[in-house]
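Q: Pasting in a structure now, in C-alpha cells, and then I'll have a few things to ask.
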Amino acid sequence: MARKIGSRYTAHQILGRGSAGTVWLGEGPDGPVAVKLLREDLASDEDLVGRFVQERTALLGLEHPNVVSVRDLVVDGNDLALVMDLVRGTDLRTRLERERRLAPEAAVSIAADVADGLAAAHASGVVHRDVKPENILLDMQGPLGPGGSHPALLTDFGVAKLIDTPKRTRATKIIGTPDYLAPEIVEGLPPRASVDIYALATVLYELLAGFTPFGGGHPGAVLRRHVTESVVPLPGIPEELWQLLVQCLAKAPASRLRASELAARLREQLPTLVGMPPLDVDEPDGDLSGEDGTPEREAVGRADGAASEGAAVAGSPGGRARRGAVPLVPGARPDSNRDTHTSMRVPAPDELAGGAHGTARAPRAAGAPRPGSARNRASARRRRVTLGAAAVVLAAAAGVGAWVATSDDDAGATPPSRTAPASP
Ligand SMILES: Nc1ncnc2c1ncn2[C@@H]1O[C@H](COP(=O)(O)OP(=O)(O)OP(=O)(O)O)[C@@H](O)[C@H]1O
C-alpha cells in the first residue's frame with residue numbers, strides 16, 4: 001500500500017522496523033530512496049521536531065561511501081521522515097544471524113569500512129553513539145571486497161542523539177544498546193568519539209566470535225561487566241588482530257585508536273587473513289540449568305586469563321544470549337523483532353564494584369572440555385547466590401522505564417587526544 005510522504009516522496013513497502021519508526025522503500029524525484037518515518041507519537045512532539053530539524057545540517061553534511069547519506073527531511077503534518085539513500089542489501093545483524101561467525105578477512109574488511117565511515121563522521125563533529133550490527137548495512141550491489149564482503153555502510157546517525165535531548169533526559173542517565181556501551185558511558189562521562197571505537201571493536205569481536213565480549217543476562221550485569229571486566233582472548237585469533245581489539249576495547253577512552261587509525265591498521269592486516277576460516281570458538285556455556293530448571297549462562301574465566309570459579313547469570317531460553325532489551329524511546333511498541341536498546345540510570349560506583357568478578361564470558365576453543373563439571377557447577381551455584389543479590393541491586397537500580405540518557409551538551413565529537421596502546 002503506497003503512502004505519500006510530503007509532496008515529493010511515495011513510500012511503497014516496508015523494509016524494516018526499528019524502535020523509532022519504520023523504514024520504507026520509497027520513490028523520490030531522483031529515484032528510489034529509503035524513507036525512515038518516525039513513530040507518530042514522537043513526530044507530533046514539537047520540541048522533537050525542532051531538534052530534528054536542527055540536526056539536519058549535520059546529517060546532510062555527512063557524505064561518505066561508508067555512511068548512508070541523508071538526502072532530505074520531511075515534516076508534513078504529523079509525518080516526520082528522513083529520506084536516505086537506499087541500500088540494496090541486508091543489515092549486518094541479519095548476516096551474522098545467518099552465518100553465526102564471519103571469516104576474519106570478511107569481518108575485518110567490514111569493520112574497516114565502518115571505521116572509515118566513523119572517521120568521516122567524527123571529522124564533521126558527529127558521534128554515532130549506537131554502532132551495532134543492526135546499524136551497519138551491507139550494499140549487495142556494491143563491489144565485492146576482501147573476503148567476499150560487500151561494502152558496509154553505517155546508518156542511523158542522529159536519531160539516538162535526537163531523541164537523547166536534555167529536556168527528556170538527565171545527565172545522570174545513559175541510553176544505548178548495553179552490549180556495545182563504552183565503560184565511560186556507564187560511569188556517566190560524556191560520550192566522545194572514542195565510544196564509537198569501543199562499540200565498533202565490540203562489533204568486530206562479535207563478528208569473529210559469534211557473541212559480544214560482555215553481553216548476556218540482565219542489562220545491568222552487562223553494563224557492570226563493561227566497567228569491571230576485561231575481554232577474554234579468542235582462541236585462534238591472530239595476535240596482531242587481538243592486540244588491536246584489546247586496544248580499542250580499553251577501559252580508558254584515551255587509549256583507544258582514532259577511527260582513521262583503526263581503519264588503516266585493520267586494512268594492513270587484511271593480507272595476512274586471506275583464506276583463514278572462521279574462528280573455531282564455541283559460544284560461552286548457556287546450557288547449564290539451575291536447581292529450578294532455569295537455563296543459565298555459566299561464565300568461566302577472568303579477563304586476566306586466570307582461571308576463575310564460574311559465576312552464573314541468567315540466560316535466555318535455549319542458552320542463547322539475549323541482548324538487553326528496553327526500548328530506546330519512551331512507550332516504544334515492540335515493532336521490531338529485535339531487542340536492541342536499554343535505558344537505565346548510571347549505576348553508583350558501589351553497584352558497579354559489587355560482586356562483579358568472574359562474570360566475563362570466556363570463549364572456549366571448539367572441542368575443549370566444558371568447564372561445567374559437577375564441581376564447577378556446584379561452585380557456580382554457590383556464587384550464583386552472591387551474583388543474584390548483586391543482580392537484585394542492579395535491577396532495582398535499573399528501574400526499567402526510568403529514562404536514562406546523557407545530555408546533548410555532552411555530545412561533542414571531541415576526538416581522543418592520544419594513541420598510547422594500553423591493555424585494560
Ligand atoms: N537506507 C536504508 N536502505 C535500506 N534498508 C534500510 C535503510 N535503513 C534501514 N533499513 C532497514 O530497515 C531496518 C530498520 O532500520 P532502523 O534504523 O529503523 O532500525 P534498527 O537500527 O534496526 O533499530 P533501532 O532504530 O531500534 O536501533 C534495518 O534493519 C534495515 O533492514
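Following the order of the C-alpha cells, first chain is A, next is B, and so on, with residues numbered from 1 inside each chain and ligands from 1 in the order they appear.
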Taking 3 positions as the minimum chain separation for residues in the same chain, which residues sit within 9 Å of Ile197 in chain A when counting only C-alpha atoms? Answer as a list in words.
A: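 My reading of the contact set: Ala115, Leu118, Val131, Ala182, Ala193, Ser194, Leu200, Ala201, Thr202, Cys248, Leu249, Pro253, Arg256, Leu257, Arg258, Ala259 and Leu262 of chain A.
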Q: Output N, CA, C and O atoms of each residue in that selection to a file, as a PDB file, in the first residue's frame.
A:
ATOM      1  N   ALA A 115      34.898   1.816  10.184  1.00  0.00           N
ATOM      2  CA  ALA A 115      35.851   2.755  10.789  1.00  0.00           C
ATOM      3  C   ALA A 115      36.073   3.946   9.861  1.00  0.00           C
ATOM      4  O   ALA A 115      36.174   5.093  10.316  1.00  0.00           O
ATOM      5  N   LEU A 118      33.100   6.120  10.281  1.00  0.00           N
ATOM      6  CA  LEU A 118      33.164   6.830  11.559  1.00  0.00           C
ATOM      7  C   LEU A 118      34.173   7.971  11.510  1.00  0.00           C
ATOM      8  O   LEU A 118      33.948   9.043  12.081  1.00  0.00           O
ATOM      9  N   VAL A 131      26.652   2.373  17.463  1.00  0.00           N
ATOM     10  CA  VAL A 131      27.245   1.452  16.483  1.00  0.00           C
ATOM     11  C   VAL A 131      26.953   0.020  16.929  1.00  0.00           C
ATOM     12  O   VAL A 131      27.261  -0.372  18.058  1.00  0.00           O
ATOM     13  N   ALA A 182      30.309   1.826  25.858  1.00  0.00           N
ATOM     14  CA  ALA A 182      31.641   2.011  26.423  1.00  0.00           C
ATOM     15  C   ALA A 182      31.541   2.236  27.930  1.00  0.00           C
ATOM     16  O   ALA A 182      30.566   2.817  28.416  1.00  0.00           O
ATOM     17  N   ALA A 193      34.065  10.681  20.709  1.00  0.00           N
ATOM     18  CA  ALA A 193      34.208   9.817  19.533  1.00  0.00           C
ATOM     19  C   ALA A 193      34.684   8.411  19.914  1.00  0.00           C
ATOM     20  O   ALA A 193      34.344   7.426  19.251  1.00  0.00           O
ATOM     21  N   SER A 194      35.454   8.322  20.992  1.00  0.00           N
ATOM     22  CA  SER A 194      36.023   7.021  21.375  1.00  0.00           C
ATOM     23  C   SER A 194      34.949   6.008  21.777  1.00  0.00           C
ATOM     24  O   SER A 194      35.231   4.802  21.787  1.00  0.00           O
ATOM     25  N   LEU A 200      32.566  -0.283  17.947  1.00  0.00           N
ATOM     26  CA  LEU A 200      32.974  -0.975  16.715  1.00  0.00           C
ATOM     27  C   LEU A 200      33.875  -2.173  17.042  1.00  0.00           C
ATOM     28  O   LEU A 200      33.757  -3.234  16.419  1.00  0.00           O
ATOM     29  N   ALA A 201      34.754  -2.008  18.016  1.00  0.00           N
ATOM     30  CA  ALA A 201      35.604  -3.143  18.417  1.00  0.00           C
ATOM     31  C   ALA A 201      34.725  -4.270  18.968  1.00  0.00           C
ATOM     32  O   ALA A 201      34.994  -5.458  18.725  1.00  0.00           O
ATOM     33  N   THR A 202      33.666  -3.907  19.661  1.00  0.00           N
ATOM     34  CA  THR A 202      32.730  -4.921  20.168  1.00  0.00           C
ATOM     35  C   THR A 202      32.055  -5.648  19.002  1.00  0.00           C
ATOM     36  O   THR A 202      31.896  -6.872  19.012  1.00  0.00           O
ATOM     37  N   CYS A 248      41.319  -1.201  21.386  1.00  0.00           N
ATOM     38  CA  CYS A 248      40.079  -0.444  21.133  1.00  0.00           C
ATOM     39  C   CYS A 248      38.988  -0.765  22.148  1.00  0.00           C
ATOM     40  O   CYS A 248      37.993  -0.052  22.229  1.00  0.00           O
ATOM     41  N   LEU A 249      39.188  -1.834  22.905  1.00  0.00           N
ATOM     42  CA  LEU A 249      38.251  -2.147  23.991  1.00  0.00           C
ATOM     43  C   LEU A 249      38.799  -1.684  25.337  1.00  0.00           C
ATOM     44  O   LEU A 249      38.281  -2.072  26.396  1.00  0.00           O
ATOM     45  N   PRO A 253      39.195   5.722  27.554  1.00  0.00           N
ATOM     46  CA  PRO A 253      38.880   6.174  26.189  1.00  0.00           C
ATOM     47  C   PRO A 253      40.116   6.677  25.449  1.00  0.00           C
ATOM     48  O   PRO A 253      40.251   6.456  24.240  1.00  0.00           O
ATOM     49  N   ARG A 256      42.196   4.258  23.252  1.00  0.00           N
ATOM     50  CA  ARG A 256      41.677   3.657  22.007  1.00  0.00           C
ATOM     51  C   ARG A 256      42.195   4.418  20.790  1.00  0.00           C
ATOM     52  O   ARG A 256      42.531   5.600  20.889  1.00  0.00           O
ATOM     53  N   LEU A 257      42.219   3.724  19.682  1.00  0.00           N
ATOM     54  CA  LEU A 257      42.654   4.367  18.439  1.00  0.00           C
ATOM     55  C   LEU A 257      41.595   5.340  17.940  1.00  0.00           C
ATOM     56  O   LEU A 257      40.419   5.217  18.264  1.00  0.00           O
ATOM     57  N   ARG A 258      42.031   6.282  17.139  1.00  0.00           N
ATOM     58  CA  ARG A 258      41.069   7.103  16.391  1.00  0.00           C
ATOM     59  C   ARG A 258      40.517   6.252  15.245  1.00  0.00           C
ATOM     60  O   ARG A 258      41.157   5.289  14.808  1.00  0.00           O
ATOM     61  N   ALA A 259      39.388   6.665  14.718  1.00  0.00           N
ATOM     62  CA  ALA A 259      38.725   5.865  13.681  1.00  0.00           C
ATOM     63  C   ALA A 259      39.603   5.696  12.443  1.00  0.00           C
ATOM     64  O   ALA A 259      39.697   4.594  11.871  1.00  0.00           O
ATOM     65  N   LEU A 262      42.315   3.249  13.159  1.00  0.00           N
ATOM     66  CA  LEU A 262      41.769   1.890  13.245  1.00  0.00           C
ATOM     67  C   LEU A 262      41.527   1.334  11.846  1.00  0.00           C
ATOM     68  O   LEU A 262      41.889   0.186  11.549  1.00  0.00           O
TER      69      LEU A 262
END
Q: List every residue of range 183-292 of chain A that DSSP, applied to the backbone of this structure, places in helix (DSSP H, G or I), and write the result as number ranges by chain.
A: A: 183-186, 193-209, 219-228, 239-248, 253-255, 259-273
Q: Could you turn the residues from that selection into a file that holds C-alpha atoms, as an mmCIF file, in the first residue's frame?
A:
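Printed below is result-v6.cif as written:
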data_model
loop_
_atom_site.group_PDB
_atom_site.id
_atom_site.type_symbol
_atom_site.label_atom_id
_atom_site.label_comp_id
_atom_site.auth_asym_id
_atom_site.auth_seq_id
_atom_site.Cartn_x
_atom_site.Cartn_y
_atom_site.Cartn_z
ATOM 1 C CA PRO A 183 32.505 1.913 30.123
ATOM 2 C CA GLU A 184 32.775 5.682 30.397
ATOM 3 C CA ILE A 185 29.130 5.989 29.371
ATOM 4 C CA VAL A 186 28.174 3.552 32.109
ATOM 5 C CA ALA A 193 34.208 9.817 19.533
ATOM 6 C CA SER A 194 36.023 7.021 21.375
ATOM 7 C CA VAL A 195 32.687 5.466 22.417
ATOM 8 C CA ASP A 196 32.130 4.630 18.756
ATOM 9 C CA ILE A 197 35.540 2.950 18.595
ATOM 10 C CA TYR A 198 34.689 0.801 21.602
ATOM 11 C CA ALA A 199 31.365 -0.139 20.050
ATOM 12 C CA LEU A 200 32.974 -0.975 16.715
ATOM 13 C CA ALA A 201 35.604 -3.143 18.417
ATOM 14 C CA THR A 202 32.730 -4.921 20.168
ATOM 15 C CA VAL A 203 31.067 -5.490 16.803
ATOM 16 C CA LEU A 204 34.308 -6.865 15.341
ATOM 17 C CA TYR A 205 34.711 -9.217 18.304
ATOM 18 C CA GLU A 206 31.125 -10.339 17.772
ATOM 19 C CA LEU A 207 31.681 -10.976 14.062
ATOM 20 C CA LEU A 208 34.681 -13.148 14.911
ATOM 21 C CA ALA A 209 33.272 -14.927 17.960
ATOM 22 C CA PRO A 219 21.299 -5.330 31.112
ATOM 23 C CA GLY A 220 22.622 -4.155 34.475
ATOM 24 C CA ALA A 221 25.059 -7.050 34.603
ATOM 25 C CA VAL A 222 26.186 -6.243 31.067
ATOM 26 C CA LEU A 223 26.850 -2.607 31.978
ATOM 27 C CA ARG A 224 28.820 -3.650 35.021
ATOM 28 C CA ARG A 225 30.996 -6.003 33.001
ATOM 29 C CA HIS A 226 31.961 -3.176 30.652
ATOM 30 C CA VAL A 227 33.383 -1.336 33.625
ATOM 31 C CA THR A 228 34.877 -4.125 35.683
ATOM 32 C CA GLU A 239 47.959 -11.893 17.710
ATOM 33 C CA GLU A 240 48.087 -8.560 15.901
ATOM 34 C CA LEU A 241 44.352 -8.525 15.406
ATOM 35 C CA TRP A 242 43.850 -9.414 19.031
ATOM 36 C CA GLN A 243 46.087 -6.562 20.169
ATOM 37 C CA LEU A 244 44.094 -4.166 18.041
ATOM 38 C CA LEU A 245 40.851 -5.359 19.623
ATOM 39 C CA VAL A 246 42.283 -5.079 23.116
ATOM 40 C CA GLN A 247 43.453 -1.542 22.445
ATOM 41 C CA CYS A 248 40.079 -0.444 21.133
ATOM 42 C CA PRO A 253 38.880 6.174 26.189
ATOM 43 C CA ALA A 254 42.190 7.907 25.510
ATOM 44 C CA SER A 255 43.883 4.545 24.957
ATOM 45 C CA ALA A 259 38.725 5.865 13.681
ATOM 46 C CA SER A 260 41.080 6.650 10.800
ATOM 47 C CA GLU A 261 43.963 4.882 12.539
ATOM 48 C CA LEU A 262 41.769 1.890 13.245
ATOM 49 C CA ALA A 263 40.686 1.682 9.618
ATOM 50 C CA ALA A 264 44.293 1.811 8.438
ATOM 51 C CA ARG A 265 45.501 -0.776 10.955
ATOM 52 C CA LEU A 266 42.657 -3.119 10.065
ATOM 53 C CA ARG A 267 43.371 -2.861 6.356
ATOM 54 C CA GLU A 268 47.065 -3.539 6.969
ATOM 55 C CA GLN A 269 46.090 -6.894 8.439
ATOM 56 C CA LEU A 270 43.848 -7.998 5.590
ATOM 57 C CA PRO A 271 46.585 -9.723 3.521
ATOM 58 C CA THR A 272 47.512 -11.936 6.475
ATOM 59 C CA LEU A 273 43.912 -13.085 6.882
#
Q: Have a look at A:Ala152, A:Ala2, A:Leu181, A:Met140 and name the one nearest to Ile14 in chain A; count only C-alpha atoms.
A: A:Ala2
Q: Here is a test: counting only C-alpha atoms and all ligand atoms, which residue of A:Leu15, A:Ile237, A:Val75, A:Val232 is nearest to ligand 1?
A: A:Leu15
Q: I need the residue nearest ligand 1 from this list: A:Arg71, A:Arg17, A:Lys251, A:His122. Use only C-alpha atoms and all ligand atoms for the distance.
A: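 Result for the nearest residue to ligand 1: A:Arg17.
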Q: Pull the strand (DSSP E) assignments for range 94-275 of chain A out of DSSP run on the backbone, and list those residues as a PyMOL selection string.
A: chain A and resi 136-139+152-154+173-176
Q: Create the file for the chosen residues now, containing all heavy atoms and written as a PDB file, in the first residue's frame.
A:
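Final file, result.pdb:
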ATOM      1  N   ILE A 136      24.526  -1.294  10.656  1.00  0.00           N
ATOM      2  CA  ILE A 136      25.512  -1.416   9.583  1.00  0.00           C
ATOM      3  C   ILE A 136      24.826  -2.155   8.431  1.00  0.00           C
ATOM      4  O   ILE A 136      24.362  -3.294   8.584  1.00  0.00           O
ATOM      5  CB  ILE A 136      26.753  -2.189  10.080  1.00  0.00           C
ATOM      6  CG1 ILE A 136      27.422  -1.399  11.211  1.00  0.00           C
ATOM      7  CG2 ILE A 136      27.721  -2.462   8.926  1.00  0.00           C
ATOM      8  CD1 ILE A 136      28.493  -2.155  11.965  1.00  0.00           C
ATOM      9  N   LEU A 137      24.736  -1.482   7.303  1.00  0.00           N
ATOM     10  CA  LEU A 137      24.063  -2.081   6.146  1.00  0.00           C
ATOM     11  C   LEU A 137      25.108  -2.572   5.151  1.00  0.00           C
ATOM     12  O   LEU A 137      26.157  -1.939   4.978  1.00  0.00           O
ATOM     13  CB  LEU A 137      23.138  -1.061   5.482  1.00  0.00           C
ATOM     14  CG  LEU A 137      22.051  -0.456   6.378  1.00  0.00           C
ATOM     15  CD1 LEU A 137      21.174   0.510   5.585  1.00  0.00           C
ATOM     16  CD2 LEU A 137      21.178  -1.534   7.021  1.00  0.00           C
ATOM     17  N   LEU A 138      24.828  -3.697   4.517  1.00  0.00           N
ATOM     18  CA  LEU A 138      25.743  -4.261   3.523  1.00  0.00           C
ATOM     19  C   LEU A 138      25.133  -4.047   2.144  1.00  0.00           C
ATOM     20  O   LEU A 138      24.020  -4.518   1.876  1.00  0.00           O
ATOM     21  CB  LEU A 138      25.972  -5.749   3.803  1.00  0.00           C
ATOM     22  CG  LEU A 138      26.509  -6.053   5.213  1.00  0.00           C
ATOM     23  CD1 LEU A 138      26.573  -7.565   5.450  1.00  0.00           C
ATOM     24  CD2 LEU A 138      27.889  -5.428   5.423  1.00  0.00           C
ATOM     25  N   ASP A 139      25.870  -3.348   1.322  1.00  0.00           N
ATOM     26  CA  ASP A 139      25.364  -2.993  -0.009  1.00  0.00           C
ATOM     27  C   ASP A 139      25.684  -4.112  -1.000  1.00  0.00           C
ATOM     28  O   ASP A 139      26.778  -4.204  -1.541  1.00  0.00           O
ATOM     29  CB  ASP A 139      26.028  -1.674  -0.453  1.00  0.00           C
ATOM     30  CG  ASP A 139      25.618  -1.274  -1.856  1.00  0.00           C
ATOM     31  OD1 ASP A 139      24.733  -1.934  -2.436  1.00  0.00           O
ATOM     32  OD2 ASP A 139      26.196  -0.288  -2.373  1.00  0.00           O
ATOM     33  N   ALA A 152      30.284  -1.952   3.474  1.00  0.00           N
ATOM     34  CA  ALA A 152      29.468  -1.749   4.672  1.00  0.00           C
ATOM     35  C   ALA A 152      29.241  -0.257   4.882  1.00  0.00           C
ATOM     36  O   ALA A 152      30.158   0.546   4.724  1.00  0.00           O
ATOM     37  CB  ALA A 152      30.167  -2.348   5.887  1.00  0.00           C
ATOM     38  N   LEU A 153      28.007   0.089   5.211  1.00  0.00           N
ATOM     39  CA  LEU A 153      27.656   1.495   5.415  1.00  0.00           C
ATOM     40  C   LEU A 153      27.005   1.668   6.789  1.00  0.00           C
ATOM     41  O   LEU A 153      26.148   0.872   7.179  1.00  0.00           O
ATOM     42  CB  LEU A 153      26.669   1.985   4.352  1.00  0.00           C
ATOM     43  CG  LEU A 153      27.187   2.132   2.924  1.00  0.00           C
ATOM     44  CD1 LEU A 153      27.082   0.828   2.160  1.00  0.00           C
ATOM     45  CD2 LEU A 153      26.378   3.214   2.194  1.00  0.00           C
ATOM     46  N   LEU A 154      27.429   2.696   7.459  1.00  0.00           N
ATOM     47  CA  LEU A 154      26.878   2.999   8.769  1.00  0.00           C
ATOM     48  C   LEU A 154      25.612   3.832   8.596  1.00  0.00           C
ATOM     49  O   LEU A 154      25.584   4.772   7.793  1.00  0.00           O
ATOM     50  CB  LEU A 154      27.937   3.788   9.541  1.00  0.00           C
ATOM     51  CG  LEU A 154      27.799   3.945  11.043  1.00  0.00           C
ATOM     52  CD1 LEU A 154      27.553   2.619  11.743  1.00  0.00           C
ATOM     53  CD2 LEU A 154      29.064   4.610  11.585  1.00  0.00           C
ATOM     54  N   LYS A 173      21.935   9.881  33.271  1.00  0.00           N
ATOM     55  CA  LYS A 173      21.346   8.711  32.634  1.00  0.00           C
ATOM     56  C   LYS A 173      22.096   8.317  31.372  1.00  0.00           C
ATOM     57  O   LYS A 173      22.771   9.128  30.755  1.00  0.00           O
ATOM     58  CB  LYS A 173      19.886   9.001  32.336  1.00  0.00           C
ATOM     59  CG  LYS A 173      19.175   9.393  33.618  1.00  0.00           C
ATOM     60  CD  LYS A 173      17.694   9.401  33.469  1.00  0.00           C
ATOM     61  CE  LYS A 173      17.064   9.573  34.846  1.00  0.00           C
ATOM     62  NZ  LYS A 173      15.606   9.610  34.739  1.00  0.00           N
ATOM     63  N   ILE A 174      21.920   7.085  31.014  1.00  0.00           N
ATOM     64  CA  ILE A 174      22.587   6.581  29.825  1.00  0.00           C
ATOM     65  C   ILE A 174      21.547   5.968  28.899  1.00  0.00           C
ATOM     66  O   ILE A 174      20.491   5.543  29.327  1.00  0.00           O
ATOM     67  CB  ILE A 174      23.636   5.503  30.179  1.00  0.00           C
ATOM     68  CG1 ILE A 174      23.009   4.449  31.076  1.00  0.00           C
ATOM     69  CG2 ILE A 174      24.855   6.129  30.813  1.00  0.00           C
ATOM     70  CD1 ILE A 174      23.978   3.346  31.405  1.00  0.00           C
ATOM     71  N   ILE A 175      21.904   5.967  27.636  1.00  0.00           N
ATOM     72  CA  ILE A 175      20.962   5.381  26.684  1.00  0.00           C
ATOM     73  C   ILE A 175      21.784   4.656  25.635  1.00  0.00           C
ATOM     74  O   ILE A 175      22.874   5.079  25.284  1.00  0.00           O
ATOM     75  CB  ILE A 175      20.071   6.473  26.063  1.00  0.00           C
ATOM     76  CG1 ILE A 175      18.861   5.843  25.395  1.00  0.00           C
ATOM     77  CG2 ILE A 175      20.821   7.336  25.078  1.00  0.00           C
ATOM     78  CD1 ILE A 175      17.736   6.835  25.183  1.00  0.00           C
ATOM     79  N   GLY A 176      21.284   3.580  25.155  1.00  0.00           N
ATOM     80  CA  GLY A 176      22.033   2.861  24.133  1.00  0.00           C
ATOM     81  C   GLY A 176      21.750   1.374  24.202  1.00  0.00           C
ATOM     82  O   GLY A 176      20.782   0.940  24.797  1.00  0.00           O
TER      83      GLY A 176
END
Q: Which one is closest to ligand 1: A:Gly28, A:Gly77, A:Gly89, A:Gly61? Count only C-alpha atoms and all ligand atoms.
A: A:Gly89
Q: If we count only C-alpha atoms, what is near Leu279 in chain A at a cut-off of 12 Å, once residues fewer than 3 positions away on the same chain are taken out, given as a list in words?
A: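 Counting only C-alpha atoms, the residues come to Arg100, Arg101, Leu102, Ala103, Pro104, Glu105, Ala107, Tyr205, Glu206, Leu207, Leu208, Ala209, Gly210, Pro233, Leu234, Pro235, Gly236, Ile237, Pro238, Leu273, Gly275, Met276, Asp282, Glu283, Pro363, Arg364, Ala365 and Ala366 of chain A.
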Q: Tell me which of A:Pro178, A:Gly6, A:Gly21, A:Pro278 sits closest to Gly147 in chain A, counting only C-alpha atoms.
A: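 Looking only at the distances to Gly147 in chain A, the closest residue turns out to be A:Pro278.
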Q: Given only C-alpha atoms as the basis, pick out the residue of A:Glu40, A:Ile110, A:Asp85, A:Gly217 nearest to Gly148 in chain A.
A: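 Ranking A:Glu40, A:Ile110, A:Asp85, A:Gly217 by distance to Gly148 in chain A, first place goes to A:Ile110.
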Q: Residues within 9 Å of Leu38 in chain A, please, as a PDB file with N, CA, C and O atoms, in the first residue's frame. Count only C-alpha atoms; anything in the same chain fewer than 5 positions from it doesn't count.
A:
ATOM      1  N   ALA A  20      12.316   3.499  16.713  1.00  0.00           N
ATOM      2  CA  ALA A  20      11.874   4.877  16.496  1.00  0.00           C
ATOM      3  C   ALA A  20      10.877   4.984  15.341  1.00  0.00           C
ATOM      4  O   ALA A  20      10.264   6.028  15.157  1.00  0.00           O
ATOM      5  N   GLY A  21      10.731   3.956  14.573  1.00  0.00           N
ATOM      6  CA  GLY A  21       9.785   4.039  13.473  1.00  0.00           C
ATOM      7  C   GLY A  21      10.002   2.945  12.439  1.00  0.00           C
ATOM      8  O   GLY A  21      10.602   1.916  12.716  1.00  0.00           O
ATOM      9  N   THR A  22       9.508   3.242  11.248  1.00  0.00           N
ATOM     10  CA  THR A  22       9.506   2.244  10.185  1.00  0.00           C
ATOM     11  C   THR A  22      10.302   2.760   8.989  1.00  0.00           C
ATOM     12  O   THR A  22      10.226   3.935   8.651  1.00  0.00           O
ATOM     13  N   VAL A  23      11.070   1.876   8.372  1.00  0.00           N
ATOM     14  CA  VAL A  23      11.818   2.263   7.169  1.00  0.00           C
ATOM     15  C   VAL A  23      11.102   1.697   5.942  1.00  0.00           C
ATOM     16  O   VAL A  23      10.806   0.497   5.885  1.00  0.00           O
ATOM     17  N   ALA A  43       6.761  12.003  16.352  1.00  0.00           N
ATOM     18  CA  ALA A  43       6.730  13.023  15.302  1.00  0.00           C
ATOM     19  C   ALA A  43       5.798  14.179  15.649  1.00  0.00           C
ATOM     20  O   ALA A  43       5.948  15.276  15.112  1.00  0.00           O
ATOM     21  N   ASP A  79       3.650  13.702   9.937  1.00  0.00           N
ATOM     22  CA  ASP A  79       4.743  12.882   9.413  1.00  0.00           C
ATOM     23  C   ASP A  79       6.080  13.592   9.593  1.00  0.00           C
ATOM     24  O   ASP A  79       6.234  14.763   9.243  1.00  0.00           O
ATOM     25  N   LEU A  80       7.036  12.867  10.131  1.00  0.00           N
ATOM     26  CA  LEU A  80       8.405  13.358  10.209  1.00  0.00           C
ATOM     27  C   LEU A  80       9.270  12.239   9.651  1.00  0.00           C
ATOM     28  O   LEU A  80       9.261  11.119  10.168  1.00  0.00           O
ATOM     29  N   ALA A  81       9.941  12.522   8.567  1.00  0.00           N
ATOM     30  CA  ALA A  81      10.656  11.439   7.886  1.00  0.00           C
ATOM     31  C   ALA A  81      12.035  11.874   7.437  1.00  0.00           C
ATOM     32  O   ALA A  81      12.246  13.021   7.041  1.00  0.00           O
ATOM     33  N   LEU A  82      12.959  10.937   7.535  1.00  0.00           N
ATOM     34  CA  LEU A  82      14.292  11.132   6.980  1.00  0.00           C
ATOM     35  C   LEU A  82      14.340  10.372   5.667  1.00  0.00           C
ATOM     36  O   LEU A  82      13.988   9.189   5.618  1.00  0.00           O
TER      37      LEU A  82
END
